[in-house]
file target-v9.cif (mmCIF, C-alpha atoms and all ligand atoms)
data_work
loop_
_atom_site.label_atom_id
_atom_site.label_comp_id
_atom_site.auth_asym_id
_atom_site.auth_seq_id
_atom_site.Cartn_x
_atom_site.Cartn_y
_atom_site.Cartn_z
CA MET A 1 95.94 117.53 99.14
CA ALA A 2 97.89 117.74 95.93
CA PRO A 3 99.69 121.07 95.68
CA ASP A 4 101.01 121.61 92.21
CA ARG A 5 103.35 124.46 93.00
CA VAL A 6 105.86 124.91 95.76
CA SER A 7 107.34 128.23 94.82
CA THR A 8 104.36 130.47 95.34
CA ALA A 9 102.73 131.98 98.41
CA VAL A 10 105.97 132.28 100.35
CA ASP A 11 104.49 135.33 102.04
CA GLY A 12 101.53 133.40 103.44
CA PRO A 13 100.99 132.47 107.07
CA ALA A 14 104.16 131.39 108.84
CA ALA A 15 104.80 127.68 108.46
CA PRO A 16 106.37 125.72 111.30
CA PRO A 17 110.16 125.74 111.03
CA ALA A 18 111.62 122.78 109.15
CA ALA A 19 114.95 123.14 110.90
CA PRO A 20 116.22 124.44 114.22
CA PRO A 21 116.59 128.24 114.51
CA GLY A 22 119.76 129.39 112.89
CA ALA A 23 119.93 126.48 110.49
CA PRO A 24 120.23 127.39 106.83
CA GLY A 25 117.04 127.38 104.83
CA THR A 26 114.68 129.50 102.80
CA ALA A 27 111.03 130.34 103.02
CA ARG A 28 110.48 128.27 99.93
CA VAL A 29 112.09 125.22 101.54
CA VAL A 30 110.10 125.69 104.74
CA LEU A 31 106.90 125.84 102.74
CA ALA A 32 107.83 122.74 100.79
CA ALA A 33 108.54 120.89 104.02
CA ALA A 34 105.23 121.95 105.50
CA LEU A 35 103.32 120.84 102.43
CA ALA A 36 105.22 117.59 102.33
CA GLY A 37 104.43 116.92 105.95
CA ALA A 38 100.75 117.45 105.30
CA ALA A 39 100.82 115.18 102.27
CA LEU A 40 102.68 112.43 104.12
CA ALA A 41 100.19 112.58 106.97
CA GLY A 42 97.63 111.42 104.43
CA GLY A 43 99.94 108.64 103.29
CA VAL A 44 100.10 109.81 99.70
CA ALA A 45 102.91 110.43 97.29
CA TRP A 46 102.43 113.74 95.57
CA LEU A 47 103.51 115.50 92.49
CA VAL A 48 105.11 118.87 92.00
CA THR A 49 104.95 120.85 88.82
CA PRO A 50 107.70 123.45 88.85
CA ASP A 51 106.81 127.12 88.65
CA ARG A 52 108.03 128.37 85.30
CA ALA A 53 106.53 131.83 85.50
CA ALA A 54 109.68 133.60 86.65
CA GLY A 55 113.19 132.82 85.48
CA PRO A 56 114.93 129.47 85.68
CA THR A 57 112.90 126.54 86.89
CA THR A 58 113.55 125.78 90.53
CA ILE A 59 112.38 122.72 92.39
CA ALA A 60 112.71 122.57 96.17
CA VAL A 61 113.33 119.10 97.53
CA THR A 62 113.47 118.22 101.21
CA ALA A 63 115.16 115.18 102.70
CA HIS A 64 113.07 114.22 105.70
CA HIS A 65 113.09 110.95 107.62
CA SER A 66 115.39 109.58 104.88
CA ARG A 67 112.87 110.18 102.13
CA PHE A 68 112.71 112.85 99.46
CA GLU A 69 109.71 115.16 99.38
CA PRO A 70 108.43 115.37 96.73
CA ASP A 71 109.23 111.92 95.36
CA ARG A 72 107.60 112.59 91.98
CA ILE A 73 108.32 115.58 89.77
CA LYS A 74 107.34 116.58 86.25
CA VAL A 75 109.73 118.46 83.97
CA LYS A 76 109.73 119.68 80.39
CA PRO A 77 111.90 118.09 77.68
CA ASN A 78 115.44 119.52 77.59
CA GLU A 79 114.72 121.65 80.62
CA THR A 80 117.45 122.73 83.03
CA VAL A 81 116.21 122.63 86.59
CA ARG A 82 117.83 124.16 89.64
CA PHE A 83 117.32 121.83 92.58
CA VAL A 84 117.42 123.39 96.02
CA VAL A 85 117.82 120.46 98.36
CA HIS A 86 117.27 120.93 102.09
CA ASN A 87 118.23 118.23 104.55
CA ALA A 88 115.84 118.36 107.52
CA ASP A 89 117.36 115.24 109.06
CA PRO A 90 120.07 115.05 111.75
CA ILE A 91 122.20 112.87 109.44
CA ASP A 92 123.94 113.63 106.16
CA HIS A 93 122.42 112.65 102.83
CA GLU A 94 123.31 112.93 99.17
CA PHE A 95 121.22 113.95 96.19
CA ILE A 96 122.18 112.19 93.00
CA ILE A 97 120.12 112.66 89.87
CA GLY A 98 120.51 110.78 86.60
CA PRO A 99 119.43 107.79 84.54
CA PRO A 100 119.32 104.31 86.10
CA ALA A 101 122.95 103.53 85.12
CA VAL A 102 124.20 106.42 87.26
CA HIS A 103 122.37 105.02 90.26
CA GLU A 104 123.66 101.50 89.71
CA LEU A 105 127.18 102.93 89.81
CA HIS A 106 126.63 104.90 92.98
CA GLU A 107 124.79 102.07 94.68
CA ARG A 108 127.85 99.87 94.13
CA GLY A 109 129.93 102.23 96.21
CA THR A 110 131.59 105.12 94.44
CA PRO A 111 132.71 107.80 96.92
CA HIS A 112 129.85 109.18 98.94
CA PHE A 113 131.08 112.73 99.15
CA HIS A 114 130.12 115.09 96.35
CA SER A 115 131.51 118.60 96.19
CA GLY A 116 129.05 119.69 93.53
CA VAL A 117 131.64 119.76 90.76
CA THR A 118 129.61 117.12 88.91
CA PRO A 119 126.18 118.52 88.04
CA GLY A 120 123.43 116.57 89.72
CA GLU A 121 125.66 115.07 92.42
CA ILE A 122 125.77 116.78 95.80
CA THR A 123 126.29 115.95 99.44
CA VAL A 124 123.71 117.61 101.69
CA PRO A 125 124.95 117.70 105.28
CA ALA A 126 122.52 117.49 108.18
CA GLY A 127 120.49 120.69 108.40
CA ALA A 128 122.04 122.20 105.28
CA THR A 129 120.61 123.42 102.00
CA VAL A 130 122.64 122.71 98.85
CA GLU A 131 121.87 123.45 95.20
CA THR A 132 122.66 121.69 91.97
CA SER A 133 121.39 121.86 88.42
CA TRP A 134 120.46 119.14 86.00
CA THR A 135 119.50 119.33 82.33
CA PHE A 136 116.92 116.77 81.32
CA GLY A 137 116.86 115.00 77.98
CA PRO A 138 114.27 115.06 75.24
CA SER A 139 110.78 113.72 75.62
CA GLY A 140 110.80 109.95 75.65
CA SER A 141 114.36 109.66 76.94
CA SER A 142 115.05 107.24 79.73
CA ASN A 143 113.63 107.81 83.17
CA VAL A 144 115.56 110.11 85.43
CA LEU A 145 115.71 109.18 89.07
CA TYR A 146 117.05 110.99 92.09
CA GLY A 147 118.18 109.37 95.27
CA CYS A 148 120.63 108.90 98.09
CA HIS A 149 123.10 106.02 98.04
CA LEU A 150 124.42 106.16 101.57
CA ALA A 151 124.26 102.66 103.01
CA GLY A 152 120.70 101.39 102.95
CA HIS A 153 119.08 104.71 102.09
CA TRP A 154 117.95 103.87 98.54
CA ASP A 155 116.44 100.58 99.64
CA TYR A 156 114.71 102.33 102.52
CA GLY A 157 112.94 104.47 99.92
CA MET A 158 115.14 107.52 99.57
CA HIS A 159 114.55 108.07 95.87
CA GLY A 160 112.22 109.82 93.48
CA LEU A 161 111.24 109.88 89.83
CA ALA A 162 111.27 112.71 87.28
CA THR A 163 108.85 112.38 84.41
CA ILE A 164 109.82 114.23 81.22
CA ARG A 165 106.87 115.48 79.23
CU CU B 201 120.44 109.44 102.58
#
call {"tool": "encode", "arguments": {"input": "target-v9.cif", "output": "structure tokens"}}
result
Amino acid sequence: MAPDRVSTAVDGPAAPPAAPPGAPGTARVVLAAALAGAALAGGVAWLVTPDRAAGPTTIAVTAHHSRFEPDRIKVKPNETVRFVVHNADPIDHEFIIGPPAVHELHERGTPHFHSGVTPGEITVPAGATVETSWTFGPSGSSNVLYGCHLAGHWDYGMHGLATIR
């Protein structure tokens, strides 16, 4: 159970809804949530390789039970990735992406509302889907992490790792 693409087969059999009827979301996000649920049932972390076949790279990320799914992604050096982040939880979350220093700053308590003006820093309200873009550095640059710094969320495990290669 290690799907390597999330942005294909959106026309396949209907997946169970990831959010209540009427909540914002896309087929792609629903599929990602369904795959993530299946992977988590097996107790495994899994890896997503973005689909680069058509246009800008998009990675769908779902916040579910205060974890990010997927929690491991692979990107190309210097690649700009559009993150479509869906919050399937009944509480708000944030999605902050950057090198470790960025996360140290946010973990110490900078404001926890992000309008999206700063690339890679968004608030994702309960049930909402919010997008942001991030441009990764060259191969061999420092690790890029993504996570939520609302009180206790990072320590609970609400973070993921992007590998540049
Ligand atoms: Cu959170």
call {"tool": "residues_around", "arguments": {"input": "target-v9.cif", "residues": "Pro111 (chain A)", "least_positions_apart": "4", "cutoff": "10 Å", "atoms": "all atoms listed in the file", "output": "PDB file with C-alpha atoms, in the frame of the given file"}}
result
ATOM      1  CA  HIS A 106     126.630 104.900  92.980  1.00  0.00           C
ATOM      2  CA  HIS A 149     123.100 106.020  98.040  1.00  0.00           C
ATOM      3  CA  LEU A 150     124.420 106.160 101.570  1.00  0.00           C
TER       4      LEU A 150
END
call {"tool": "residues_near_ligand", "arguments": {"input": "target-v9.cif", "ligand": "ligand CU 201 (chain B)", "cutoff": "7 Å", "atoms": "all atoms listed in the file", "output": "PDB file with C-alpha atoms, keeping the file's coordinate frame"}}
result
ATOM      1  CA  SER A  66     115.390 109.580 104.880  1.00  0.00           C
ATOM      2  CA  ASP A  92     123.940 113.630 106.160  1.00  0.00           C
ATOM      3  CA  HIS A  93     122.420 112.650 102.830  1.00  0.00           C
ATOM      4  CA  GLU A  94     123.310 112.930  99.170  1.00  0.00           C
ATOM      5  CA  CYS A 148     120.630 108.900  98.090  1.00  0.00           C
ATOM      6  CA  HIS A 149     123.100 106.020  98.040  1.00  0.00           C
ATOM      7  CA  LEU A 150     124.420 106.160 101.570  1.00  0.00           C
ATOM      8  CA  HIS A 153     119.080 104.710 102.090  1.00  0.00           C
ATOM      9  CA  MET A 158     115.140 107.520  99.570  1.00  0.00           C
TER      10      MET A 158
END
call {"tool": "closest_residue", "arguments": {"input": "target-v9.cif", "among": "A:Ala63, A:Pro56, A:Asn87, A:Glu107", "to": "Asp155 (chain A)", "atoms": "all atoms listed in the file"}}
result
A:Glu107
call {"tool": "closest_residue", "arguments": {"input": "target-v9.cif", "among": "A:Asp89, A:Glu104, A:Pro138, A:Thr123", "to": "Trp154 (chain A)", "atoms": "all atoms listed in the file"}}
result
A:Glu104
call {"tool": "residues_around", "arguments": {"input": "target-v9.cif", "residues": "Ser141 (chain A)", "least_positions_apart": "2", "cutoff": "12 Å", "atoms": "only C-alpha atoms", "output": "PDB file with C-alpha atoms, in the frame of the given file"}}
result
ATOM      1  CA  LYS A  76     109.730 119.680  80.390  1.00  0.00           C
ATOM      2  CA  PRO A  77     111.900 118.090  77.680  1.00  0.00           C
ATOM      3  CA  ASN A  78     115.440 119.520  77.590  1.00  0.00           C
ATOM      4  CA  GLY A  98     120.510 110.780  86.600  1.00  0.00           C
ATOM      5  CA  PRO A  99     119.430 107.790  84.540  1.00  0.00           C
ATOM      6  CA  PRO A 100     119.320 104.310  86.100  1.00  0.00           C
ATOM      7  CA  PHE A 136     116.920 116.770  81.320  1.00  0.00           C
ATOM      8  CA  GLY A 137     116.860 115.000  77.980  1.00  0.00           C
ATOM      9  CA  PRO A 138     114.270 115.060  75.240  1.00  0.00           C
ATOM     10  CA  SER A 139     110.780 113.720  75.620  1.00  0.00           C
ATOM     11  CA  ASN A 143     113.630 107.810  83.170  1.00  0.00           C
ATOM     12  CA  VAL A 144     115.560 110.110  85.430  1.00  0.00           C
ATOM     13  CA  ALA A 162     111.270 112.710  87.280  1.00  0.00           C
ATOM     14  CA  THR A 163     108.850 112.380  84.410  1.00  0.00           C
ATOM     15  CA  ILE A 164     109.820 114.230  81.220  1.00  0.00           C
ATOM     16  CA  ARG A 165     106.870 115.480  79.230  1.00  0.00           C
TER      17      ARG A 165
END
call {"tool": "closest_residue", "arguments": {"input": "target-v9.cif", "among": "A:Ala128, A:Val81, A:Ile96, A:Val61", "to": "Phe113 (chain A)", "atoms": "all atoms listed in the file"}}
result
A:Ile96
call {"tool": "atom_distance", "arguments": {"input": "target-v9.cif", "atom1": "CA of Val117 (chain A)", "atom2": "CA of Thr58 (chain A)"}}
result
19.1 Å
